[in-house]
Amino acid sequence: MAKRRPAGDGMVRKRADGRWEGRYTAGYDAKTGKRIIKNVLGKTQAEVKEKLKAALEEVKGIDVTRF
């Protein structure tokens, strides 16, 4: 069984085209209340984890060290 990431840390998966994708919540729409989901892409899982970490730090304004 795959490991689960802590809440708020986004998700990482391998796409059908062989690239890795990381998705995260960038905020919420003020009008509809729906999540704004953004993604980062990379050739390796490690590359995507670094990009995801940087994106989460930018969005949240905090240091994310759970990776």
# chains A, B, ... in the order shown; residues from 1 in each chain; ligands from 1
>>> residues_around(residues="stretch 25-30 of chain A", least_positions_apart="4", cutoff="12 Å", atoms="only C-alpha atoms", output="list in words")
Ala7, Gly8, Asp9, Gly10, Met11, Lys34, Arg35, Ile36, Ile37, Lys38, Asn39, Val40, Leu52, Ala55, Leu56, Glu57, Glu58, Val59, Lys60 and Gly61 of chain A
>>> write_last_selection(atoms="all heavy atoms", output="short mmCIF file (atom, residue, chain, number, x, y, z; two decimals), in the first residue's frame")
data_model
loop_
_atom_site.label_atom_id
_atom_site.label_comp_id
_atom_site.auth_asym_id
_atom_site.auth_seq_id
_atom_site.Cartn_x
_atom_site.Cartn_y
_atom_site.Cartn_z
N ALA A 7 -1.76 15.99 5.56
CA ALA A 7 -2.73 16.93 5.02
C ALA A 7 -2.05 18.26 4.72
O ALA A 7 -1.25 18.76 5.50
CB ALA A 7 -3.86 17.14 6.02
N GLY A 8 -2.34 18.82 3.55
CA GLY A 8 -1.80 20.11 3.17
C GLY A 8 -0.46 20.05 2.46
O GLY A 8 0.08 21.08 2.08
N ASP A 9 0.09 18.86 2.26
CA ASP A 9 1.39 18.72 1.62
C ASP A 9 1.30 18.44 0.13
O ASP A 9 2.31 18.21 -0.52
CB ASP A 9 2.20 17.60 2.27
CG ASP A 9 2.92 18.07 3.51
OD1 ASP A 9 2.86 19.28 3.81
OD2 ASP A 9 3.55 17.25 4.15
N GLY A 10 0.12 18.42 -0.43
CA GLY A 10 -0.02 18.14 -1.85
C GLY A 10 0.08 16.65 -2.13
O GLY A 10 0.08 15.82 -1.22
N MET A 11 0.16 16.30 -3.40
CA MET A 11 0.28 14.89 -3.78
C MET A 11 1.23 14.76 -4.95
O MET A 11 1.42 15.69 -5.72
CB MET A 11 -1.09 14.30 -4.13
CG MET A 11 -1.91 15.02 -5.18
SD MET A 11 -1.71 14.60 -6.91
CE MET A 11 -1.94 12.90 -7.02
N LYS A 34 -14.55 27.15 -3.99
CA LYS A 34 -13.86 25.96 -4.48
C LYS A 34 -12.35 26.13 -4.36
O LYS A 34 -11.82 27.24 -4.38
CB LYS A 34 -14.20 25.69 -5.95
CG LYS A 34 -15.63 25.28 -6.17
CD LYS A 34 -15.86 24.95 -7.64
CE LYS A 34 -17.28 24.49 -7.86
NZ LYS A 34 -17.50 24.13 -9.28
N ARG A 35 -11.63 24.99 -4.27
CA ARG A 35 -10.18 25.02 -4.18
C ARG A 35 -9.56 25.44 -5.51
O ARG A 35 -10.07 25.08 -6.56
CB ARG A 35 -9.62 23.63 -3.83
CG ARG A 35 -9.99 23.17 -2.46
CD ARG A 35 -9.28 21.90 -2.08
NE ARG A 35 -9.41 20.87 -3.11
CZ ARG A 35 -8.59 19.83 -3.22
NH1 ARG A 35 -7.61 19.67 -2.39
NH2 ARG A 35 -8.78 18.92 -4.16
N ILE A 36 -8.46 26.17 -5.43
CA ILE A 36 -7.66 26.49 -6.60
C ILE A 36 -6.50 25.51 -6.59
O ILE A 36 -5.64 25.56 -5.72
CB ILE A 36 -7.15 27.94 -6.55
CG1 ILE A 36 -8.32 28.91 -6.52
CG2 ILE A 36 -6.23 28.21 -7.74
CD1 ILE A 36 -7.92 30.34 -6.25
N ILE A 37 -6.50 24.58 -7.54
CA ILE A 37 -5.49 23.52 -7.59
C ILE A 37 -4.47 23.85 -8.68
O ILE A 37 -4.83 24.13 -9.81
CB ILE A 37 -6.14 22.15 -7.87
CG1 ILE A 37 -7.13 21.82 -6.76
CG2 ILE A 37 -5.08 21.07 -8.01
CD1 ILE A 37 -7.95 20.59 -7.01
N LYS A 38 -3.19 23.81 -8.31
CA LYS A 38 -2.11 24.04 -9.26
C LYS A 38 -1.21 22.82 -9.27
O LYS A 38 -1.28 21.98 -8.37
CB LYS A 38 -1.31 25.28 -8.87
CG LYS A 38 -2.16 26.55 -8.95
CD LYS A 38 -1.33 27.76 -8.97
CE LYS A 38 -2.24 28.97 -9.17
NZ LYS A 38 -1.46 30.17 -9.39
N ASN A 39 -0.36 22.71 -10.30
CA ASN A 39 0.51 21.55 -10.38
C ASN A 39 1.91 21.94 -10.83
O ASN A 39 2.13 23.01 -11.39
CB ASN A 39 -0.07 20.48 -11.30
CG ASN A 39 -0.09 20.89 -12.74
OD1 ASN A 39 -0.06 22.06 -13.07
ND2 ASN A 39 -0.16 19.93 -13.63
N VAL A 40 2.85 21.06 -10.55
CA VAL A 40 4.23 21.18 -11.01
C VAL A 40 4.59 19.86 -11.69
O VAL A 40 4.10 18.80 -11.30
CB VAL A 40 5.22 21.49 -9.86
CG1 VAL A 40 4.97 22.86 -9.30
CG2 VAL A 40 5.14 20.45 -8.77
N LEU A 52 7.50 21.09 -5.57
CA LEU A 52 6.29 21.14 -4.76
C LEU A 52 6.58 21.83 -3.43
O LEU A 52 5.79 22.65 -2.96
CB LEU A 52 5.76 19.73 -4.53
CG LEU A 52 4.42 19.59 -3.83
CD1 LEU A 52 3.32 20.30 -4.60
CD2 LEU A 52 4.07 18.12 -3.66
N ALA A 55 6.83 25.53 -4.08
CA ALA A 55 5.51 26.11 -4.37
C ALA A 55 4.70 26.25 -3.09
O ALA A 55 4.02 27.27 -2.88
CB ALA A 55 4.77 25.25 -5.38
N LEU A 56 4.74 25.25 -2.22
CA LEU A 56 4.00 25.31 -0.97
C LEU A 56 4.55 26.40 -0.05
O LEU A 56 3.79 27.10 0.62
CB LEU A 56 4.02 23.96 -0.26
CG LEU A 56 3.14 22.88 -0.88
CD1 LEU A 56 3.43 21.53 -0.25
CD2 LEU A 56 1.68 23.24 -0.73
N GLU A 57 5.86 26.56 -0.03
CA GLU A 57 6.46 27.62 0.78
C GLU A 57 6.01 28.99 0.28
O GLU A 57 5.73 29.89 1.07
CB GLU A 57 7.99 27.54 0.74
CG GLU A 57 8.54 26.40 1.56
CD GLU A 57 10.04 26.27 1.44
OE1 GLU A 57 10.66 27.00 0.62
OE2 GLU A 57 10.60 25.44 2.16
N GLU A 58 5.92 29.14 -1.04
CA GLU A 58 5.49 30.41 -1.62
C GLU A 58 4.02 30.70 -1.30
O GLU A 58 3.67 31.81 -0.95
CB GLU A 58 5.68 30.37 -3.14
CG GLU A 58 5.35 31.66 -3.83
CD GLU A 58 5.59 31.59 -5.32
OE1 GLU A 58 6.55 30.91 -5.73
OE2 GLU A 58 4.81 32.22 -6.06
N VAL A 59 3.18 29.69 -1.40
CA VAL A 59 1.76 29.86 -1.16
C VAL A 59 1.46 30.09 0.33
O VAL A 59 0.73 30.99 0.69
CB VAL A 59 0.96 28.62 -1.65
CG1 VAL A 59 -0.47 28.66 -1.16
CG2 VAL A 59 0.99 28.58 -3.16
N LYS A 60 2.05 29.27 1.17
CA LYS A 60 1.76 29.34 2.60
C LYS A 60 2.61 30.37 3.32
O LYS A 60 2.25 30.81 4.40
CB LYS A 60 1.98 27.97 3.24
CG LYS A 60 0.99 26.93 2.79
CD LYS A 60 1.21 25.62 3.50
CE LYS A 60 0.21 24.58 3.04
NZ LYS A 60 0.40 23.32 3.73
N GLY A 61 3.77 30.70 2.76
CA GLY A 61 4.66 31.65 3.40
C GLY A 61 5.37 31.07 4.60
O GLY A 61 5.80 31.79 5.48
#
>>> select_by_dssp(residues="chain A", states="strand (DSSP E or B)", output="list of chain:residue names")
A:Met11, A:Val12, A:Arg13, A:Lys14, A:Trp20, A:Glu21, A:Gly22, A:Arg23, A:Tyr24, A:Thr25, A:Ala26, A:Gly27, A:Tyr28, A:Arg35, A:Ile36, A:Ile37, A:Lys38, A:Asn39, A:Val40, A:Leu41, A:Gly42
>>> write_last_selection(atoms="N, CA, C and O atoms", output="PDB file, in the first residue's frame")
ATOM      1  N   MET A  11       0.162  16.303  -3.401  1.00  0.00           N
ATOM      2  CA  MET A  11       0.279  14.893  -3.784  1.00  0.00           C
ATOM      3  C   MET A  11       1.232  14.763  -4.954  1.00  0.00           C
ATOM      4  O   MET A  11       1.415  15.690  -5.718  1.00  0.00           O
ATOM      5  N   VAL A  12       1.870  13.605  -5.049  1.00  0.00           N
ATOM      6  CA  VAL A  12       2.826  13.333  -6.116  1.00  0.00           C
ATOM      7  C   VAL A  12       2.417  12.028  -6.783  1.00  0.00           C
ATOM      8  O   VAL A  12       2.111  11.054  -6.103  1.00  0.00           O
ATOM      9  N   ARG A  13       2.415  12.022  -8.122  1.00  0.00           N
ATOM     10  CA  ARG A  13       2.054  10.810  -8.852  1.00  0.00           C
ATOM     11  C   ARG A  13       2.814  10.758 -10.164  1.00  0.00           C
ATOM     12  O   ARG A  13       3.302  11.775 -10.646  1.00  0.00           O
ATOM     13  N   LYS A  14       2.893   9.567 -10.729  1.00  0.00           N
ATOM     14  CA  LYS A  14       3.513   9.386 -12.035  1.00  0.00           C
ATOM     15  C   LYS A  14       2.419   9.381 -13.089  1.00  0.00           C
ATOM     16  O   LYS A  14       1.443   8.643 -12.980  1.00  0.00           O
ATOM     17  N   TRP A  20       6.489  13.027 -13.837  1.00  0.00           N
ATOM     18  CA  TRP A  20       5.941  13.092 -12.487  1.00  0.00           C
ATOM     19  C   TRP A  20       5.197  14.405 -12.313  1.00  0.00           C
ATOM     20  O   TRP A  20       5.587  15.433 -12.864  1.00  0.00           O
ATOM     21  N   GLU A  21       4.098  14.368 -11.548  1.00  0.00           N
ATOM     22  CA  GLU A  21       3.255  15.539 -11.324  1.00  0.00           C
ATOM     23  C   GLU A  21       3.017  15.702  -9.832  1.00  0.00           C
ATOM     24  O   GLU A  21       2.751  14.734  -9.124  1.00  0.00           O
ATOM     25  N   GLY A  22       3.095  16.929  -9.373  1.00  0.00           N
ATOM     26  CA  GLY A  22       2.751  17.258  -7.997  1.00  0.00           C
ATOM     27  C   GLY A  22       1.623  18.268  -8.009  1.00  0.00           C
ATOM     28  O   GLY A  22       1.683  19.258  -8.730  1.00  0.00           O
ATOM     29  N   ARG A  23       0.585  18.016  -7.243  1.00  0.00           N
ATOM     30  CA  ARG A  23      -0.556  18.933  -7.166  1.00  0.00           C
ATOM     31  C   ARG A  23      -0.679  19.481  -5.750  1.00  0.00           C
ATOM     32  O   ARG A  23      -0.399  18.782  -4.782  1.00  0.00           O
ATOM     33  N   TYR A  24      -1.131  20.734  -5.671  1.00  0.00           N
ATOM     34  CA  TYR A  24      -1.303  21.362  -4.364  1.00  0.00           C
ATOM     35  C   TYR A  24      -2.435  22.375  -4.426  1.00  0.00           C
ATOM     36  O   TYR A  24      -2.816  22.840  -5.497  1.00  0.00           O
ATOM     37  N   THR A  25      -2.978  22.720  -3.260  1.00  0.00           N
ATOM     38  CA  THR A  25      -4.038  23.703  -3.161  1.00  0.00           C
ATOM     39  C   THR A  25      -3.398  25.072  -2.986  1.00  0.00           C
ATOM     40  O   THR A  25      -2.663  25.300  -2.021  1.00  0.00           O
ATOM     41  N   ALA A  26      -3.664  25.980  -3.930  1.00  0.00           N
ATOM     42  CA  ALA A  26      -3.068  27.315  -3.903  1.00  0.00           C
ATOM     43  C   ALA A  26      -3.967  28.330  -3.216  1.00  0.00           C
ATOM     44  O   ALA A  26      -3.605  29.490  -3.100  1.00  0.00           O
ATOM     45  N   GLY A  27      -5.123  27.909  -2.760  1.00  0.00           N
ATOM     46  CA  GLY A  27      -6.058  28.812  -2.096  1.00  0.00           C
ATOM     47  C   GLY A  27      -7.485  28.428  -2.442  1.00  0.00           C
ATOM     48  O   GLY A  27      -7.742  27.339  -2.970  1.00  0.00           O
ATOM     49  N   TYR A  28      -8.391  29.331  -2.147  1.00  0.00           N
ATOM     50  CA  TYR A  28      -9.803  29.089  -2.401  1.00  0.00           C
ATOM     51  C   TYR A  28     -10.412  30.283  -3.126  1.00  0.00           C
ATOM     52  O   TYR A  28     -10.075  31.431  -2.840  1.00  0.00           O
ATOM     53  N   ARG A  35     -11.630  24.991  -4.267  1.00  0.00           N
ATOM     54  CA  ARG A  35     -10.177  25.016  -4.178  1.00  0.00           C
ATOM     55  C   ARG A  35      -9.562  25.440  -5.506  1.00  0.00           C
ATOM     56  O   ARG A  35     -10.068  25.084  -6.562  1.00  0.00           O
ATOM     57  N   ILE A  36      -8.459  26.167  -5.427  1.00  0.00           N
ATOM     58  CA  ILE A  36      -7.664  26.488  -6.602  1.00  0.00           C
ATOM     59  C   ILE A  36      -6.503  25.509  -6.589  1.00  0.00           C
ATOM     60  O   ILE A  36      -5.645  25.556  -5.717  1.00  0.00           O
ATOM     61  N   ILE A  37      -6.499  24.575  -7.542  1.00  0.00           N
ATOM     62  CA  ILE A  37      -5.490  23.518  -7.592  1.00  0.00           C
ATOM     63  C   ILE A  37      -4.469  23.848  -8.678  1.00  0.00           C
ATOM     64  O   ILE A  37      -4.829  24.134  -9.813  1.00  0.00           O
ATOM     65  N   LYS A  38      -3.190  23.813  -8.308  1.00  0.00           N
ATOM     66  CA  LYS A  38      -2.105  24.045  -9.259  1.00  0.00           C
ATOM     67  C   LYS A  38      -1.214  22.815  -9.269  1.00  0.00           C
ATOM     68  O   LYS A  38      -1.281  21.983  -8.372  1.00  0.00           O
ATOM     69  N   ASN A  39      -0.365  22.711 -10.297  1.00  0.00           N
ATOM     70  CA  ASN A  39       0.513  21.550 -10.383  1.00  0.00           C
ATOM     71  C   ASN A  39       1.912  21.937 -10.831  1.00  0.00           C
ATOM     72  O   ASN A  39       2.125  23.010 -11.394  1.00  0.00           O
ATOM     73  N   VAL A  40       2.854  21.057 -10.546  1.00  0.00           N
ATOM     74  CA  VAL A  40       4.235  21.177 -11.010  1.00  0.00           C
ATOM     75  C   VAL A  40       4.593  19.857 -11.686  1.00  0.00           C
ATOM     76  O   VAL A  40       4.103  18.804 -11.301  1.00  0.00           O
ATOM     77  N   LEU A  41       5.442  19.923 -12.713  1.00  0.00           N
ATOM     78  CA  LEU A  41       5.835  18.735 -13.461  1.00  0.00           C
ATOM     79  C   LEU A  41       7.349  18.585 -13.452  1.00  0.00           C
ATOM     80  O   LEU A  41       8.074  19.576 -13.332  1.00  0.00           O
ATOM     81  N   GLY A  42       7.811  17.339 -13.586  1.00  0.00           N
ATOM     82  CA  GLY A  42       9.239  17.089 -13.660  1.00  0.00           C
ATOM     83  C   GLY A  42       9.533  15.710 -14.207  1.00  0.00           C
ATOM     84  O   GLY A  42       8.645  14.861 -14.307  1.00  0.00           O
TER      85      GLY A  42
END
>>> select_by_dssp(residues="chain A", states="helix (DSSP H, G or I)", output="PDB file with all heavy atoms, in the first residue's frame")
ATOM      1  N   GLN A  45      10.870  11.993  -9.628  1.00  0.00           N
ATOM      2  CA  GLN A  45      10.050  12.211  -8.446  1.00  0.00           C
ATOM      3  C   GLN A  45      10.731  13.206  -7.504  1.00  0.00           C
ATOM      4  O   GLN A  45      10.066  14.072  -6.921  1.00  0.00           O
ATOM      5  CB  GLN A  45       9.805  10.875  -7.735  1.00  0.00           C
ATOM      6  CG  GLN A  45       8.861  10.976  -6.566  1.00  0.00           C
ATOM      7  CD  GLN A  45       8.585   9.627  -5.937  1.00  0.00           C
ATOM      8  OE1 GLN A  45       9.263   8.648  -6.215  1.00  0.00           O
ATOM      9  NE2 GLN A  45       7.594   9.578  -5.088  1.00  0.00           N
ATOM     10  N   ALA A  46      12.031  13.097  -7.361  1.00  0.00           N
ATOM     11  CA  ALA A  46      12.771  14.000  -6.480  1.00  0.00           C
ATOM     12  C   ALA A  46      12.667  15.449  -6.959  1.00  0.00           C
ATOM     13  O   ALA A  46      12.519  16.373  -6.148  1.00  0.00           O
ATOM     14  CB  ALA A  46      14.226  13.566  -6.397  1.00  0.00           C
ATOM     15  N   GLU A  47      12.739  15.645  -8.267  1.00  0.00           N
ATOM     16  CA  GLU A  47      12.619  16.986  -8.846  1.00  0.00           C
ATOM     17  C   GLU A  47      11.257  17.583  -8.529  1.00  0.00           C
ATOM     18  O   GLU A  47      11.143  18.754  -8.150  1.00  0.00           O
ATOM     19  CB  GLU A  47      12.822  16.894 -10.357  1.00  0.00           C
ATOM     20  CG  GLU A  47      12.730  18.203 -11.098  1.00  0.00           C
ATOM     21  CD  GLU A  47      12.869  18.039 -12.598  1.00  0.00           C
ATOM     22  OE1 GLU A  47      13.254  16.947 -13.065  1.00  0.00           O
ATOM     23  OE2 GLU A  47      12.590  19.017 -13.315  1.00  0.00           O
ATOM     24  N   VAL A  48      10.216  16.781  -8.654  1.00  0.00           N
ATOM     25  CA  VAL A  48       8.856  17.257  -8.381  1.00  0.00           C
ATOM     26  C   VAL A  48       8.680  17.562  -6.898  1.00  0.00           C
ATOM     27  O   VAL A  48       8.052  18.559  -6.540  1.00  0.00           O
ATOM     28  CB  VAL A  48       7.807  16.232  -8.867  1.00  0.00           C
ATOM     29  CG1 VAL A  48       6.427  16.578  -8.370  1.00  0.00           C
ATOM     30  CG2 VAL A  48       7.819  16.176 -10.380  1.00  0.00           C
ATOM     31  N   LYS A  49       9.248  16.755  -6.022  1.00  0.00           N
ATOM     32  CA  LYS A  49       9.145  17.011  -4.590  1.00  0.00           C
ATOM     33  C   LYS A  49       9.778  18.356  -4.224  1.00  0.00           C
ATOM     34  O   LYS A  49       9.237  19.097  -3.416  1.00  0.00           O
ATOM     35  CB  LYS A  49       9.793  15.892  -3.791  1.00  0.00           C
ATOM     36  CG  LYS A  49       8.958  14.642  -3.710  1.00  0.00           C
ATOM     37  CD  LYS A  49       9.622  13.599  -2.844  1.00  0.00           C
ATOM     38  CE  LYS A  49       8.793  12.352  -2.715  1.00  0.00           C
ATOM     39  NZ  LYS A  49       9.428  11.354  -1.852  1.00  0.00           N
ATOM     40  N   GLU A  50      10.926  18.675  -4.836  1.00  0.00           N
ATOM     41  CA  GLU A  50      11.585  19.957  -4.577  1.00  0.00           C
ATOM     42  C   GLU A  50      10.734  21.118  -5.092  1.00  0.00           C
ATOM     43  O   GLU A  50      10.583  22.128  -4.414  1.00  0.00           O
ATOM     44  CB  GLU A  50      12.972  19.985  -5.218  1.00  0.00           C
ATOM     45  CG  GLU A  50      13.981  19.157  -4.482  1.00  0.00           C
ATOM     46  CD  GLU A  50      14.206  19.621  -3.059  1.00  0.00           C
ATOM     47  OE1 GLU A  50      14.311  20.846  -2.828  1.00  0.00           O
ATOM     48  OE2 GLU A  50      14.249  18.750  -2.166  1.00  0.00           O
ATOM     49  N   LYS A  51      10.189  20.970  -6.301  1.00  0.00           N
ATOM     50  CA  LYS A  51       9.337  22.013  -6.868  1.00  0.00           C
ATOM     51  C   LYS A  51       8.074  22.199  -6.033  1.00  0.00           C
ATOM     52  O   LYS A  51       7.626  23.325  -5.809  1.00  0.00           O
ATOM     53  CB  LYS A  51       8.961  21.680  -8.314  1.00  0.00           C
ATOM     54  CG  LYS A  51      10.083  21.831  -9.298  1.00  0.00           C
ATOM     55  CD  LYS A  51       9.593  21.513 -10.704  1.00  0.00           C
ATOM     56  CE  LYS A  51      10.663  21.675 -11.747  1.00  0.00           C
ATOM     57  NZ  LYS A  51      10.154  21.369 -13.104  1.00  0.00           N
ATOM     58  N   LEU A  52       7.502  21.089  -5.575  1.00  0.00           N
ATOM     59  CA  LEU A  52       6.293  21.142  -4.761  1.00  0.00           C
ATOM     60  C   LEU A  52       6.580  21.828  -3.430  1.00  0.00           C
ATOM     61  O   LEU A  52       5.794  22.651  -2.959  1.00  0.00           O
ATOM     62  CB  LEU A  52       5.757  19.726  -4.534  1.00  0.00           C
ATOM     63  CG  LEU A  52       4.422  19.586  -3.830  1.00  0.00           C
ATOM     64  CD1 LEU A  52       3.319  20.298  -4.596  1.00  0.00           C
ATOM     65  CD2 LEU A  52       4.073  18.118  -3.660  1.00  0.00           C
ATOM     66  N   LYS A  53       7.717  21.516  -2.838  1.00  0.00           N
ATOM     67  CA  LYS A  53       8.120  22.140  -1.578  1.00  0.00           C
ATOM     68  C   LYS A  53       8.242  23.650  -1.747  1.00  0.00           C
ATOM     69  O   LYS A  53       7.733  24.424  -0.931  1.00  0.00           O
ATOM     70  CB  LYS A  53       9.446  21.543  -1.116  1.00  0.00           C
ATOM     71  CG  LYS A  53       9.974  22.114   0.166  1.00  0.00           C
ATOM     72  CD  LYS A  53      11.285  21.437   0.529  1.00  0.00           C
ATOM     73  CE  LYS A  53      11.912  22.072   1.741  1.00  0.00           C
ATOM     74  NZ  LYS A  53      13.205  21.476   2.066  1.00  0.00           N
ATOM     75  N   ALA A  54       8.894  24.082  -2.831  1.00  0.00           N
ATOM     76  CA  ALA A  54       9.062  25.513  -3.101  1.00  0.00           C
ATOM     77  C   ALA A  54       7.722  26.195  -3.342  1.00  0.00           C
ATOM     78  O   ALA A  54       7.481  27.304  -2.852  1.00  0.00           O
ATOM     79  CB  ALA A  54       9.981  25.706  -4.301  1.00  0.00           C
ATOM     80  N   ALA A  55       6.831  25.533  -4.076  1.00  0.00           N
ATOM     81  CA  ALA A  55       5.514  26.110  -4.367  1.00  0.00           C
ATOM     82  C   ALA A  55       4.697  26.255  -3.090  1.00  0.00           C
ATOM     83  O   ALA A  55       4.022  27.268  -2.882  1.00  0.00           O
ATOM     84  CB  ALA A  55       4.774  25.249  -5.378  1.00  0.00           C
ATOM     85  N   LEU A  56       4.744  25.249  -2.221  1.00  0.00           N
ATOM     86  CA  LEU A  56       3.997  25.315  -0.966  1.00  0.00           C
ATOM     87  C   LEU A  56       4.547  26.400  -0.051  1.00  0.00           C
ATOM     88  O   LEU A  56       3.790  27.097   0.624  1.00  0.00           O
ATOM     89  CB  LEU A  56       4.025  23.957  -0.256  1.00  0.00           C
ATOM     90  CG  LEU A  56       3.144  22.884  -0.881  1.00  0.00           C
ATOM     91  CD1 LEU A  56       3.433  21.529  -0.254  1.00  0.00           C
ATOM     92  CD2 LEU A  56       1.683  23.242  -0.730  1.00  0.00           C
ATOM     93  N   GLU A  57       5.864  26.560  -0.026  1.00  0.00           N
ATOM     94  CA  GLU A  57       6.462  27.624   0.778  1.00  0.00           C
ATOM     95  C   GLU A  57       6.008  28.989   0.280  1.00  0.00           C
ATOM     96  O   GLU A  57       5.728  29.885   1.069  1.00  0.00           O
ATOM     97  CB  GLU A  57       7.987  27.537   0.743  1.00  0.00           C
ATOM     98  CG  GLU A  57       8.540  26.402   1.563  1.00  0.00           C
ATOM     99  CD  GLU A  57      10.042  26.272   1.445  1.00  0.00           C
ATOM    100  OE1 GLU A  57      10.662  26.997   0.622  1.00  0.00           O
ATOM    101  OE2 GLU A  57      10.604  25.437   2.163  1.00  0.00           O
ATOM    102  N   GLU A  58       5.924  29.143  -1.040  1.00  0.00           N
ATOM    103  CA  GLU A  58       5.492  30.408  -1.620  1.00  0.00           C
ATOM    104  C   GLU A  58       4.024  30.695  -1.296  1.00  0.00           C
ATOM    105  O   GLU A  58       3.672  31.814  -0.951  1.00  0.00           O
ATOM    106  CB  GLU A  58       5.678  30.371  -3.143  1.00  0.00           C
ATOM    107  CG  GLU A  58       5.355  31.662  -3.826  1.00  0.00           C
ATOM    108  CD  GLU A  58       5.594  31.587  -5.324  1.00  0.00           C
ATOM    109  OE1 GLU A  58       6.552  30.915  -5.726  1.00  0.00           O
ATOM    110  OE2 GLU A  58       4.807  32.217  -6.064  1.00  0.00           O
ATOM    111  N   VAL A  59       3.183  29.687  -1.400  1.00  0.00           N
ATOM    112  CA  VAL A  59       1.757  29.857  -1.157  1.00  0.00           C
ATOM    113  C   VAL A  59       1.462  30.088   0.332  1.00  0.00           C
ATOM    114  O   VAL A  59       0.731  30.992   0.691  1.00  0.00           O
ATOM    115  CB  VAL A  59       0.962  28.623  -1.654  1.00  0.00           C
ATOM    116  CG1 VAL A  59      -0.475  28.663  -1.158  1.00  0.00           C
ATOM    117  CG2 VAL A  59       0.987  28.581  -3.164  1.00  0.00           C
ATOM    118  N   LYS A  60       2.054  29.267   1.171  1.00  0.00           N
ATOM    119  CA  LYS A  60       1.758  29.344   2.599  1.00  0.00           C
ATOM    120  C   LYS A  60       2.612  30.373   3.322  1.00  0.00           C
ATOM    121  O   LYS A  60       2.247  30.812   4.398  1.00  0.00           O
ATOM    122  CB  LYS A  60       1.977  27.970   3.243  1.00  0.00           C
ATOM    123  CG  LYS A  60       0.991  26.933   2.788  1.00  0.00           C
ATOM    124  CD  LYS A  60       1.215  25.625   3.497  1.00  0.00           C
ATOM    125  CE  LYS A  60       0.206  24.583   3.043  1.00  0.00           C
ATOM    126  NZ  LYS A  60       0.399  23.318   3.730  1.00  0.00           N
TER     127      LYS A  60
END
